Amino acid sequence: MAEKQGKNFIPPKGKRPKFSFYWIYAILLIVFIAIQYFNYTNPVKEITWSRLEELLLKQDIDKIVVVNKEKAEIFIKKEKIQHDTAYKEFTKRSFGTSNTVNPQFYYQIGSEEIFHGLLKDTRDSVVSRMKRDSLPVAQITAFQKQYPYPPGTETRKDLFGDFLSYLIPIAILIGVWFLIMRFMSKGGGGGGQIFNIGKSKAQLFDKDTSVSVTFNDVAGLEEAKVEIMEIVDFLKNPSKYTNLGGKIPKGALLVGPPGTGKTLLAKAVAGEAKVPFFSISGSDFVEMFVGVGASRVRDLFRQAKEKAPCIIFIDEIDAIGRARGRNAITGANDERENTLNQLLTEMDGFGTNAGVIILAATNRADILDRALMRAGRFDRQISVELPDLEERKAIFKVHLKPLKLDSGLDVDFLAKQTPGFSGADIANVCNESALIAARKNKTIIERQDFLDAIDRIIGGLEKRNKIISAHEKKVIAFHESGHAAVSWLLQYAHPLVKVTIVPRGKALGAAWYLPEERQITTYEQMFDEITSAVGGRASEEIFFGKVSTGALNDLEKVTKQAYAMVVYFGLNKTIGNISYYDSTGQNEYSFQKPYSEKTAEVIDGEVRTIIEAAYERARDIISENRDKLEQLANLLLEREVIFREDLEQIFGKRPWESEEEKKMSPPEQPETTQLPA
């Protein structure tokens, strides 16, 4: 092949090097280096007047030329350069040219008249001295002829220097302009070019860039998948619906807590639908420049109309869909509101968007603008909630596929250990279990590794090296034992799984409970939970006669829970069947409460009454079972970790516990003993 590639060889079209502006930069750099090299190889040294006067007296100067009335170029006689060692450096040649044709020195003159006077005075002084010494007239005459006075003059134009003096400022301005525009358009569509700042940044998935995620990869979310699959089916078979006169919803809003799989569901839609799929984040519309967000919305829908039928997915739409008029400081000129107005117009304005379906995801549906939520824009709200037991089991099966597991591992058991976990949490549990097993140099992942991973995610990393005094450790043990004992002896409190006094994260101790998965809660259930939460503080007071700051987390939780019972849920007889909860979020930025000052005093009193009643109830339970609780605390001090079996041996079985509860173990949220920040 090498022999066939002669001088007429033309490289294949796809392999030709592409033109780049960096080539121009490289050429300019080489030119400047060459200029500097020429200047370096032809050095012209500046000298002082005393040095110039010395050369004049030695009669080494051939001629002096004043250039542009600014400097005097001094030429040394050729014979002096060739034979005098003082001028040895000027005998070098550069590119075949001897330095004898160029000036060897230059003198910076302040004024041409003064320089002429200095030369003349030096000449006259030497001539006078020669006459005094009675030197021959011929010698004096020869000196006067060889003396370079008057000096020659020359007006010289440096075209290259003048050109650079004009070019460099212009080049700097152009460079700064390019730099500013590049930063401005860094996120713009079309590769971030200068004039693409208003272009849409949506990522397009079509037949050329297909997505590998399908509905088979989305475990759980069966109800949500039914509605989403209907939209996909309409895009594939529109006649099936239009023959009956039906119309597909224009938009669907995925609403749910973080980590439940909203974005994953959208990816599955992109993988299943054989139509163009535009994916963009809500924050991609927002810029610091006025009008950019609205321009990007227009460009996005313009592209979508060209590729209809298609789907547009806007992730975290609350970034631009927040209700208008909430912030009185910015007013109606807010760039975010302008972007939202343009989005509302494009979704269901005067124009038509035939074949364009909008999907959006958010976990803050309560703060979205009502105009965005109306029918005709988002016709459907698809709720993506936390998975239940069966859905968690299906999610575990998906994430356990790539792991090397123990053959006896029970997926049902893992699903029961993780109530309240989202799909993202379950994925994290599987990953953490693999890391823990690898840390222990295991070849397979066992059941205990998953339990350790759940503890790690909920409570944090164990800190066995944390320095805790013996007295503090005893207080923590009695505190956690108080939680465990009270919750064990109350009917509606969550059943205990494990208690530990090993520090995790900021917590000095923790008690793990398995919460009941219920949809509604009664006053008795909430009161039992509050009683269990203050059981740790009550235990400290009974056994030590004083309380500590370790109950900070407990008090914070029970205060919020009691306040919700009184103000939101209508579970207080004094306040009555009234709820001050605002589901619309309209009072989020309000400085005025929806109730009077007198009612606020009543609310404060009722909240305090509930918590104090629960505290006294916990004290009574602990006092009645003081010996058993002390036995439990000593066991906890000895082992540092105890389980529900240990409580059964000390307190006996719970009479109201069902058979299903006995099979379950760890937690949703741990009760923690925590020092204040």
# chains A, B, ... in the order shown; residues from 1 in each chain; ligands from 1
call {"tool": "residues_around", "arguments": {"residues": "stretch 444-453 of chain A", "least_positions_apart": "2", "cutoff": "6 Å", "atoms": "only C-alpha atoms", "output": "list in words"}}
result
Lys404, Leu405, Asp406, Val429, Glu432, Ser433, Ala437, Lys442, Asp455 and Arg456 of chain A
call {"tool": "write_last_selection", "arguments": {"atoms": "C-alpha atoms", "output": "PDB file, in the first residue's frame"}}
result
ATOM      1  CA  LYS A 404     -23.615 -13.118  42.829  1.00  0.00           C
ATOM      2  CA  LEU A 405     -25.997 -14.204  45.580  1.00  0.00           C
ATOM      3  CA  ASP A 406     -26.196 -16.903  48.202  1.00  0.00           C
ATOM      4  CA  VAL A 429     -29.219  -1.413  49.156  1.00  0.00           C
ATOM      5  CA  GLU A 432     -24.072  -1.436  49.235  1.00  0.00           C
ATOM      6  CA  SER A 433     -24.516  -5.129  50.025  1.00  0.00           C
ATOM      7  CA  ALA A 437     -19.403  -8.424  50.887  1.00  0.00           C
ATOM      8  CA  LYS A 442     -16.529 -12.901  50.255  1.00  0.00           C
ATOM      9  CA  ASP A 455     -28.463  -0.410  58.566  1.00  0.00           C
ATOM     10  CA  ARG A 456     -25.726   1.527  56.759  1.00  0.00           C
TER      11      ARG A 456
END
call {"tool": "residues_around", "arguments": {"residues": "stretch 54-71 of chain A", "least_positions_apart": "4", "cutoff": "10 Å", "atoms": "only C-alpha atoms", "output": "ChimeraX atom specification"}}
result
/A:46,49-50,75-81,84,103,105-113,115-116,119,122-123,126,143,146-157
call {"tool": "write_last_selection", "arguments": {"atoms": "C-alpha atoms", "output": "tab-separated table (two decimals), in the first residue's frame"}}
result
chain	number	residue	atom	x	y	z
A	46	GLU	CA	22.19	50.22	23.34
A	49	TRP	CA	27.04	58.65	25.99
A	50	SER	CA	30.24	57.89	27.86
A	75	PHE	CA	28.39	51.64	12.65
A	76	ILE	CA	31.88	50.36	13.61
A	77	LYS	CA	34.62	50.30	10.96
A	78	LYS	CA	34.92	46.93	9.20
A	79	GLU	CA	38.66	46.57	9.88
A	80	LYS	CA	38.02	47.16	13.58
A	81	ILE	CA	35.36	44.44	13.66
A	84	ASP	CA	39.79	44.01	17.25
A	103	PRO	CA	24.60	48.88	12.97
A	105	PHE	CA	25.15	49.98	18.58
A	106	TYR	CA	22.45	52.55	19.01
A	107	TYR	CA	22.14	55.57	21.26
A	108	GLN	CA	18.70	56.84	22.34
A	109	ILE	CA	18.76	60.60	21.82
A	110	GLY	CA	16.46	62.96	23.65
A	111	SER	CA	16.77	65.83	21.16
A	112	GLU	CA	18.46	65.91	17.78
A	113	GLU	CA	19.87	69.44	18.37
A	115	PHE	CA	22.95	65.33	20.17
A	116	HIS	CA	24.45	67.42	17.36
A	119	LEU	CA	29.14	65.55	18.82
A	122	THR	CA	33.58	66.48	21.47
A	123	ARG	CA	35.17	67.06	18.04
A	126	VAL	CA	39.84	66.90	20.52
A	143	PHE	CA	40.80	63.34	12.13
A	146	GLN	CA	36.97	60.76	9.69
A	147	TYR	CA	34.97	62.20	12.59
A	148	PRO	CA	31.25	61.43	11.97
A	149	TYR	CA	29.96	64.95	12.15
A	150	PRO	CA	27.49	66.04	11.09
A	151	PRO	CA	25.78	62.64	11.43
A	152	GLY	CA	23.61	61.27	8.69
A	153	THR	CA	19.84	61.42	9.00
A	154	GLU	CA	17.23	58.98	7.80
A	155	THR	CA	13.43	58.77	7.94
A	156	ARG	CA	12.41	55.17	8.17
A	157	LYS	CA	8.91	53.60	8.13
call {"tool": "residues_around", "arguments": {"residues": "stretch 363-371 of chain A", "least_positions_apart": "6", "cutoff": "12 Å", "atoms": "only C-alpha atoms", "output": "PyMOL selection string"}}
result
chain A and resi 253-263+315-326+337+340-341+343-345+347-349+377-379+381-385+582-589
call {"tool": "residues_around", "arguments": {"residues": "A:Ser532", "least_positions_apart": "4", "cutoff": "8 Å", "atoms": "only C-alpha atoms", "output": "MDAnalysis selection string"}}
result
chainID A and resid 483:484 486:487 490 493 528 536 618
call {"tool": "select_by_dssp", "arguments": {"residues": "stretch 218-414 of chain A", "states": "strand (DSSP E or B)", "output": "NGL selection string"}}
result
:A and (251-255 or 277-281 or 310-315 or 322 or 356-362 or 368 or 380-383 or 405)
call {"tool": "select_by_dssp", "arguments": {"residues": "stretch 317-456 of chain A", "states": "helix (DSSP H, G or I)", "output": "PyMOL selection string"}}
result
chain A and resi 318-321+331-333+335-348+365-367+370-373+389-400+411-417+423-439+447-456
call {"tool": "closest_residue", "arguments": {"among": "A:Tyr568, A:Lys393, A:Glu480, A:Thr599", "to": "A:Asp410", "atoms": "only C-alpha atoms"}}
result
A:Lys393
call {"tool": "residues_around", "arguments": {"residues": "A:Glu640", "least_positions_apart": "5", "cutoff": "8 Å", "atoms": "only C-alpha atoms", "output": "PyMOL selection string"}}
result
chain A and resi 500-502+635
call {"tool": "write_last_selection", "arguments": {"atoms": "N, CA and C atoms", "output": "PDB file, in the first residue's frame"}}
result
ATOM      1  N   THR A 500     -29.337  -0.744  69.286  1.00  0.00           N
ATOM      2  CA  THR A 500     -27.877  -0.695  69.335  1.00  0.00           C
ATOM      3  C   THR A 500     -27.423   0.580  70.025  1.00  0.00           C
ATOM      4  N   ILE A 501     -26.280   0.506  70.689  1.00  0.00           N
ATOM      5  CA  ILE A 501     -25.662   1.707  71.266  1.00  0.00           C
ATOM      6  C   ILE A 501     -24.318   1.976  70.592  1.00  0.00           C
ATOM      7  N   VAL A 502     -24.107   1.336  69.451  1.00  0.00           N
ATOM      8  CA  VAL A 502     -22.920   1.635  68.652  1.00  0.00           C
ATOM      9  C   VAL A 502     -23.202   2.910  67.866  1.00  0.00           C
ATOM     10  N   LEU A 635     -28.162  -5.766  79.626  1.00  0.00           N
ATOM     11  CA  LEU A 635     -27.876  -6.663  78.510  1.00  0.00           C
ATOM     12  C   LEU A 635     -27.370  -5.883  77.302  1.00  0.00           C
TER      13      LEU A 635
END
call {"tool": "residues_around", "arguments": {"residues": "A:Ala633", "least_positions_apart": "6", "cutoff": "10 Å", "atoms": "only C-alpha atoms", "output": "short mmCIF file (atom, residue, chain, number, x, y, z; two decimals) with N, CA, C and O atoms, in the first residue's frame"}}
result
data_model
loop_
_atom_site.label_atom_id
_atom_site.label_comp_id
_atom_site.auth_asym_id
_atom_site.auth_seq_id
_atom_site.Cartn_x
_atom_site.Cartn_y
_atom_site.Cartn_z
N LYS A 474 -23.79 4.41 79.53
CA LYS A 474 -24.87 3.88 80.36
C LYS A 474 -26.15 4.68 80.15
O LYS A 474 -27.25 4.10 80.04
N VAL A 475 -26.04 6.00 80.05
CA VAL A 475 -27.21 6.85 79.80
C VAL A 475 -27.84 6.49 78.45
O VAL A 475 -29.07 6.37 78.32
N ILE A 476 -26.98 6.31 77.44
CA ILE A 476 -27.49 5.97 76.11
C ILE A 476 -28.19 4.61 76.14
O ILE A 476 -29.25 4.42 75.53
N ALA A 477 -27.62 3.65 76.87
CA ALA A 477 -28.22 2.31 76.95
C ALA A 477 -29.60 2.37 77.60
O ALA A 477 -30.56 1.74 77.12
N PHE A 478 -29.74 3.12 78.70
CA PHE A 478 -31.06 3.23 79.35
C PHE A 478 -32.03 4.02 78.49
O PHE A 478 -33.24 3.74 78.50
N HIS A 479 -31.52 5.00 77.75
CA HIS A 479 -32.38 5.78 76.85
C HIS A 479 -32.98 4.87 75.77
O HIS A 479 -34.19 4.86 75.54
N GLU A 480 -32.11 4.10 75.09
CA GLU A 480 -32.59 3.23 74.02
C GLU A 480 -33.46 2.09 74.58
O GLU A 480 -34.42 1.67 73.94
N SER A 481 -33.13 1.62 75.77
CA SER A 481 -33.96 0.59 76.40
C SER A 481 -35.34 1.13 76.73
O SER A 481 -36.34 0.41 76.65
N GLY A 482 -35.41 2.41 77.11
CA GLY A 482 -36.71 3.03 77.35
C GLY A 482 -37.57 3.04 76.11
O GLY A 482 -38.77 2.74 76.15
N ALA A 484 -37.30 0.98 73.55
CA ALA A 484 -37.63 -0.40 73.20
C ALA A 484 -38.73 -0.95 74.11
O ALA A 484 -39.69 -1.58 73.63
N ALA A 485 -38.63 -0.70 75.42
CA ALA A 485 -39.60 -1.25 76.37
C ALA A 485 -40.98 -0.65 76.17
O ALA A 485 -41.99 -1.36 76.13
N ASP A 627 -37.68 -3.10 86.81
CA ASP A 627 -36.69 -4.18 86.92
C ASP A 627 -36.38 -4.78 85.56
O ASP A 627 -35.21 -5.05 85.23
N ARG A 639 -23.79 -6.39 75.37
CA ARG A 639 -23.70 -6.87 73.98
C ARG A 639 -23.58 -5.74 72.96
O ARG A 639 -23.17 -5.99 71.82
N GLU A 640 -24.02 -4.54 73.31
CA GLU A 640 -24.06 -3.36 72.44
C GLU A 640 -25.16 -3.44 71.38
O GLU A 640 -25.62 -2.42 70.89
N ILE A 642 -28.91 -5.65 70.64
CA ILE A 642 -29.87 -6.69 71.03
C ILE A 642 -31.00 -6.71 70.01
O ILE A 642 -31.23 -5.73 69.30
#
call {"tool": "closest_residue", "arguments": {"among": "A:Phe277, A:Gln342, A:Leu28, A:Val137", "to": "A:Ala171", "atoms": "only C-alpha atoms"}}
result
A:Leu28
call {"tool": "atom_distance", "arguments": {"atom1": "atom CA of A:Gly220", "atom2": "atom CA of A:Phe205"}}
result
24.8 Å
call {"tool": "closest_residue", "arguments": {"among": "A:Ile395, A:Ile358, A:Ile611, A:Ile228", "to": "A:Ala308", "atoms": "only C-alpha atoms"}}
result
A:Ile358
call {"tool": "atom_distance", "arguments": {"atom1": "atom CA of A:Asn572", "atom2": "atom CA of A:Ser539"}}
result
27.4 Å
call {"tool": "residues_around", "arguments": {"residues": "stretch 233-247 of chain A", "least_positions_apart": "2", "cutoff": "12 Å", "atoms": "only C-alpha atoms", "output": "mmCIF file with all heavy atoms, in the first residue's frame"}}
result
data_model
loop_
_atom_site.group_PDB
_atom_site.id
_atom_site.type_symbol
_atom_site.label_atom_id
_atom_site.label_comp_id
_atom_site.auth_asym_id
_atom_site.auth_seq_id
_atom_site.Cartn_x
_atom_site.Cartn_y
_atom_site.Cartn_z
ATOM 1 N N LYS A 225 -47.712 2.295 34.610
ATOM 2 C CA LYS A 225 -47.324 1.757 33.307
ATOM 3 C C LYS A 225 -48.529 1.568 32.393
ATOM 4 O O LYS A 225 -48.423 1.715 31.180
ATOM 5 C CB LYS A 225 -46.575 0.425 33.489
ATOM 6 C CG LYS A 225 -45.135 0.603 33.912
ATOM 7 C CD LYS A 225 -44.312 -0.647 33.661
ATOM 8 C CE LYS A 225 -44.672 -1.748 34.622
ATOM 9 N NZ LYS A 225 -43.760 -2.904 34.488
ATOM 10 N N VAL A 226 -49.686 1.244 32.976
ATOM 11 C CA VAL A 226 -50.887 1.065 32.148
ATOM 12 C C VAL A 226 -51.229 2.358 31.413
ATOM 13 O O VAL A 226 -51.502 2.363 30.209
ATOM 14 C CB VAL A 226 -52.068 0.594 33.027
ATOM 15 C CG1 VAL A 226 -53.368 0.653 32.239
ATOM 16 C CG2 VAL A 226 -51.824 -0.819 33.527
ATOM 17 N N GLU A 227 -51.218 3.482 32.140
ATOM 18 C CA GLU A 227 -51.570 4.761 31.519
ATOM 19 C C GLU A 227 -50.502 5.210 30.533
ATOM 20 O O GLU A 227 -50.816 5.755 29.464
ATOM 21 C CB GLU A 227 -51.765 5.813 32.609
ATOM 22 C CG GLU A 227 -52.932 5.520 33.531
ATOM 23 C CD GLU A 227 -53.347 6.739 34.330
ATOM 24 O OE1 GLU A 227 -53.838 7.706 33.721
ATOM 25 O OE2 GLU A 227 -53.166 6.718 35.556
ATOM 26 N N ILE A 228 -49.221 5.009 30.880
ATOM 27 C CA ILE A 228 -48.144 5.404 29.978
ATOM 28 C C ILE A 228 -48.157 4.540 28.715
ATOM 29 O O ILE A 228 -47.968 5.043 27.601
ATOM 30 C CB ILE A 228 -46.787 5.289 30.697
ATOM 31 C CG1 ILE A 228 -46.652 6.384 31.758
ATOM 32 C CG2 ILE A 228 -45.642 5.393 29.717
ATOM 33 C CD1 ILE A 228 -46.499 7.781 31.205
ATOM 34 N N MET A 229 -48.395 3.250 28.867
ATOM 35 C CA MET A 229 -48.421 2.355 27.708
ATOM 36 C C MET A 229 -49.565 2.688 26.768
ATOM 37 O O MET A 229 -49.474 2.461 25.564
ATOM 38 C CB MET A 229 -48.513 0.898 28.178
ATOM 39 C CG MET A 229 -47.233 0.373 28.837
ATOM 40 S SD MET A 229 -47.421 -1.233 29.627
ATOM 41 C CE MET A 229 -47.592 -2.278 28.188
ATOM 42 N N GLU A 230 -50.629 3.246 27.307
ATOM 43 C CA GLU A 230 -51.743 3.660 26.451
ATOM 44 C C GLU A 230 -51.319 4.788 25.520
ATOM 45 O O GLU A 230 -51.700 4.820 24.340
ATOM 46 C CB GLU A 230 -52.920 4.099 27.323
ATOM 47 C CG GLU A 230 -54.159 4.487 26.529
ATOM 48 C CD GLU A 230 -55.302 4.877 27.440
ATOM 49 O OE1 GLU A 230 -55.713 4.029 28.258
ATOM 50 O OE2 GLU A 230 -55.760 6.027 27.349
ATOM 51 N N ILE A 231 -50.501 5.714 26.052
ATOM 52 C CA ILE A 231 -49.997 6.807 25.212
ATOM 53 C C ILE A 231 -49.069 6.271 24.138
ATOM 54 O O ILE A 231 -49.140 6.666 22.969
ATOM 55 C CB ILE A 231 -49.274 7.846 26.099
ATOM 56 C CG1 ILE A 231 -50.267 8.514 27.049
ATOM 57 C CG2 ILE A 231 -48.561 8.891 25.244
ATOM 58 C CD1 ILE A 231 -49.633 9.455 28.037
ATOM 59 N N PRO A 249 -54.778 12.029 25.333
ATOM 60 C CA PRO A 249 -54.412 13.180 26.171
ATOM 61 C C PRO A 249 -53.196 13.912 25.623
ATOM 62 O O PRO A 249 -52.247 13.300 25.138
ATOM 63 C CB PRO A 249 -54.098 12.523 27.527
ATOM 64 C CG PRO A 249 -54.875 11.263 27.527
ATOM 65 C CD PRO A 249 -54.903 10.795 26.111
ATOM 66 N N LYS A 250 -53.231 15.222 25.707
ATOM 67 C CA LYS A 250 -52.120 16.028 25.186
ATOM 68 C C LYS A 250 -50.885 15.938 26.074
ATOM 69 O O LYS A 250 -49.767 16.126 25.608
ATOM 70 C CB LYS A 250 -52.547 17.486 25.048
ATOM 71 C CG LYS A 250 -53.577 17.726 23.969
ATOM 72 C CD LYS A 250 -53.856 19.213 23.818
ATOM 73 C CE LYS A 250 -54.859 19.464 22.694
ATOM 74 N NZ LYS A 250 -55.133 20.913 22.532
ATOM 75 N N GLY A 251 -51.108 15.711 27.354
ATOM 76 C CA GLY A 251 -49.965 15.674 28.258
ATOM 77 C C GLY A 251 -50.251 14.822 29.477
ATOM 78 O O GLY A 251 -51.404 14.640 29.871
ATOM 79 N N VAL A 269 -40.475 4.783 28.133
ATOM 80 C CA VAL A 269 -41.319 5.286 27.040
ATOM 81 C C VAL A 269 -40.465 5.556 25.813
ATOM 82 O O VAL A 269 -40.836 5.233 24.678
ATOM 83 C CB VAL A 269 -42.068 6.558 27.483
ATOM 84 C CG1 VAL A 269 -42.814 7.172 26.309
ATOM 85 C CG2 VAL A 269 -43.030 6.244 28.607
ATOM 86 N N ALA A 270 -39.290 6.157 26.032
ATOM 87 C CA ALA A 270 -38.387 6.434 24.911
ATOM 88 C C ALA A 270 -37.927 5.139 24.253
ATOM 89 O O ALA A 270 -37.726 5.077 23.037
ATOM 90 C CB ALA A 270 -37.179 7.237 25.391
ATOM 91 N N GLU A 272 -39.664 2.217 24.281
ATOM 92 C CA GLU A 272 -40.788 1.480 23.700
ATOM 93 C C GLU A 272 -41.384 2.176 22.484
ATOM 94 O O GLU A 272 -41.728 1.531 21.502
ATOM 95 C CB GLU A 272 -41.879 1.295 24.771
ATOM 96 C CG GLU A 272 -41.495 0.368 25.907
ATOM 97 C CD GLU A 272 -41.603 -1.090 25.506
ATOM 98 O OE1 GLU A 272 -42.150 -1.376 24.423
ATOM 99 O OE2 GLU A 272 -41.121 -1.947 26.267
ATOM 100 N N ALA A 273 -41.532 3.482 22.551
ATOM 101 C CA ALA A 273 -42.180 4.222 21.462
ATOM 102 C C ALA A 273 -41.236 4.323 20.273
ATOM 103 O O ALA A 273 -40.104 4.774 20.409
ATOM 104 C CB ALA A 273 -42.573 5.616 21.947
ATOM 105 N N LYS A 274 -41.682 3.925 19.152
ATOM 106 C CA LYS A 274 -40.861 4.013 17.942
ATOM 107 C C LYS A 274 -41.076 5.359 17.266
ATOM 108 O O LYS A 274 -41.264 5.457 16.046
ATOM 109 C CB LYS A 274 -41.212 2.866 16.984
ATOM 110 C CG LYS A 274 -41.078 1.493 17.614
ATOM 111 C CD LYS A 274 -39.656 1.237 18.127
ATOM 112 C CE LYS A 274 -39.522 -0.146 18.743
ATOM 113 N NZ LYS A 274 -38.181 -0.390 19.299
ATOM 114 N N VAL A 275 -41.070 6.406 18.050
ATOM 115 C CA VAL A 275 -41.235 7.770 17.544
ATOM 116 C C VAL A 275 -40.139 8.637 18.153
ATOM 117 O O VAL A 275 -39.545 8.268 19.183
ATOM 118 C CB VAL A 275 -42.634 8.352 17.906
ATOM 119 C CG1 VAL A 275 -43.742 7.571 17.217
ATOM 120 C CG2 VAL A 275 -42.835 8.359 19.415
ATOM 121 N N PRO A 276 -39.832 9.780 17.567
ATOM 122 C CA PRO A 276 -38.825 10.671 18.162
ATOM 123 C C PRO A 276 -39.202 11.066 19.589
ATOM 124 O O PRO A 276 -40.376 11.317 19.894
ATOM 125 C CB PRO A 276 -38.815 11.874 17.220
ATOM 126 C CG PRO A 276 -39.306 11.340 15.918
ATOM 127 C CD PRO A 276 -40.308 10.278 16.259
ATOM 128 N N PHE A 277 -38.201 11.133 20.456
ATOM 129 C CA PHE A 277 -38.411 11.411 21.875
ATOM 130 C C PHE A 277 -37.442 12.513 22.281
ATOM 131 O O PHE A 277 -36.233 12.331 22.235
ATOM 132 C CB PHE A 277 -38.162 10.134 22.686
ATOM 133 C CG PHE A 277 -38.478 10.262 24.152
ATOM 134 C CD1 PHE A 277 -39.726 9.916 24.634
ATOM 135 C CD2 PHE A 277 -37.534 10.721 25.053
ATOM 136 C CE1 PHE A 277 -40.016 10.009 25.988
ATOM 137 C CE2 PHE A 277 -37.807 10.838 26.398
ATOM 138 C CZ PHE A 277 -39.063 10.478 26.870
ATOM 139 N N ALA A 308 -43.320 15.333 14.294
ATOM 140 C CA ALA A 308 -44.551 14.734 14.798
ATOM 141 C C ALA A 308 -44.926 13.516 13.949
ATOM 142 O O ALA A 308 -44.700 13.516 12.732
ATOM 143 C CB ALA A 308 -45.673 15.764 14.783
ATOM 144 N N PRO A 309 -45.497 12.454 14.569
ATOM 145 C CA PRO A 309 -45.807 12.339 15.993
ATOM 146 C C PRO A 309 -44.551 12.081 16.830
ATOM 147 O O PRO A 309 -43.673 11.334 16.412
ATOM 148 C CB PRO A 309 -46.755 11.140 16.039
ATOM 149 C CG PRO A 309 -46.349 10.310 14.873
ATOM 150 C CD PRO A 309 -45.912 11.270 13.810
ATOM 151 N N CYS A 310 -44.504 12.686 18.020
ATOM 152 C CA CYS A 310 -43.337 12.544 18.880
ATOM 153 C C CYS A 310 -43.735 12.832 20.318
ATOM 154 O O CYS A 310 -44.890 13.204 20.601
ATOM 155 C CB CYS A 310 -42.220 13.495 18.428
ATOM 156 S SG CYS A 310 -42.622 15.224 18.640
ATOM 157 N N ILE A 311 -42.779 12.642 21.216
ATOM 158 C CA ILE A 311 -43.004 12.856 22.645
ATOM 159 C C ILE A 311 -41.954 13.830 23.157
ATOM 160 O O ILE A 311 -40.775 13.728 22.814
ATOM 161 C CB ILE A 311 -42.906 11.531 23.426
ATOM 162 C CG1 ILE A 311 -44.000 10.563 22.983
ATOM 163 C CG2 ILE A 311 -43.008 11.767 24.927
ATOM 164 C CD1 ILE A 311 -43.902 9.195 23.626
ATOM 165 N N ALA A 354 -50.518 19.055 16.794
ATOM 166 C CA ALA A 354 -51.022 17.732 16.457
ATOM 167 C C ALA A 354 -49.893 16.712 16.510
ATOM 168 O O ALA A 354 -48.855 16.901 15.885
ATOM 169 C CB ALA A 354 -51.652 17.755 15.064
ATOM 170 N N GLY A 355 -50.123 15.648 17.277
ATOM 171 C CA GLY A 355 -49.149 14.571 17.325
ATOM 172 C C GLY A 355 -48.013 14.790 18.293
ATOM 173 O O GLY A 355 -47.114 13.962 18.376
ATOM 174 N N VAL A 356 -48.013 15.896 19.041
ATOM 175 C CA VAL A 356 -46.961 16.170 20.024
ATOM 176 C C VAL A 356 -47.533 15.929 21.418
ATOM 177 O O VAL A 356 -48.468 16.607 21.838
ATOM 178 C CB VAL A 356 -46.431 17.609 19.904
ATOM 179 C CG1 VAL A 356 -45.369 17.860 20.958
ATOM 180 C CG2 VAL A 356 -45.883 17.862 18.514
ATOM 181 N N ILE A 357 -46.975 14.958 22.130
ATOM 182 C CA ILE A 357 -47.431 14.617 23.474
ATOM 183 C C ILE A 357 -46.358 15.027 24.473
ATOM 184 O O ILE A 357 -45.171 14.765 24.257
ATOM 185 C CB ILE A 357 -47.716 13.112 23.584
ATOM 186 C CG1 ILE A 357 -48.874 12.742 22.658
ATOM 187 C CG2 ILE A 357 -48.036 12.721 25.014
ATOM 188 C CD1 ILE A 357 -49.190 11.274 22.629
ATOM 189 N N GLY A 376 -56.238 19.827 28.938
ATOM 190 C CA GLY A 376 -55.820 20.419 27.670
ATOM 191 C C GLY A 376 -54.328 20.660 27.642
ATOM 192 O O GLY A 376 -53.747 20.788 26.567
ATOM 193 N N ASP A 379 -53.567 16.586 30.844
ATOM 194 C CA ASP A 379 -54.887 15.996 31.079
ATOM 195 C C ASP A 379 -54.849 14.951 32.181
ATOM 196 O O ASP A 379 -55.851 14.701 32.832
ATOM 197 C CB ASP A 379 -55.385 15.342 29.783
ATOM 198 C CG ASP A 379 -55.464 16.348 28.643
ATOM 199 O OD1 ASP A 379 -56.365 17.187 28.685
ATOM 200 O OD2 ASP A 379 -54.617 16.292 27.734
#
call {"tool": "decode", "arguments": {"residues": "stretch 410-417 of chain A", "atoms": "N, CA and C atoms", "output": "compact mmCIF listing (two decimals), in the first residue's frame"}}
result
# COMPACT_ATOMS: atom_id res chain seq x y z
N ASP A 410 -33.61 -15.13 50.45
CA ASP A 410 -35.06 -15.02 50.24
C ASP A 410 -35.40 -13.58 49.85
N VAL A 411 -35.94 -13.40 48.64
CA VAL A 411 -36.30 -12.06 48.18
C VAL A 411 -37.47 -11.51 48.99
N ASP A 412 -38.40 -12.40 49.40
CA ASP A 412 -39.53 -11.94 50.21
C ASP A 412 -39.05 -11.33 51.52
N PHE A 413 -38.03 -11.92 52.11
CA PHE A 413 -37.49 -11.41 53.36
C PHE A 413 -36.90 -10.01 53.16
N LEU A 414 -36.16 -9.81 52.06
CA LEU A 414 -35.58 -8.49 51.79
C LEU A 414 -36.66 -7.45 51.58
N ALA A 415 -37.74 -7.82 50.89
CA ALA A 415 -38.82 -6.86 50.64
C ALA A 415 -39.48 -6.45 51.95
N LYS A 416 -39.55 -7.37 52.90
CA LYS A 416 -40.18 -7.05 54.19
C LYS A 416 -39.27 -6.19 55.07
N GLN A 417 -37.97 -6.21 54.77
CA GLN A 417 -37.03 -5.40 55.56
C GLN A 417 -37.01 -3.93 55.15
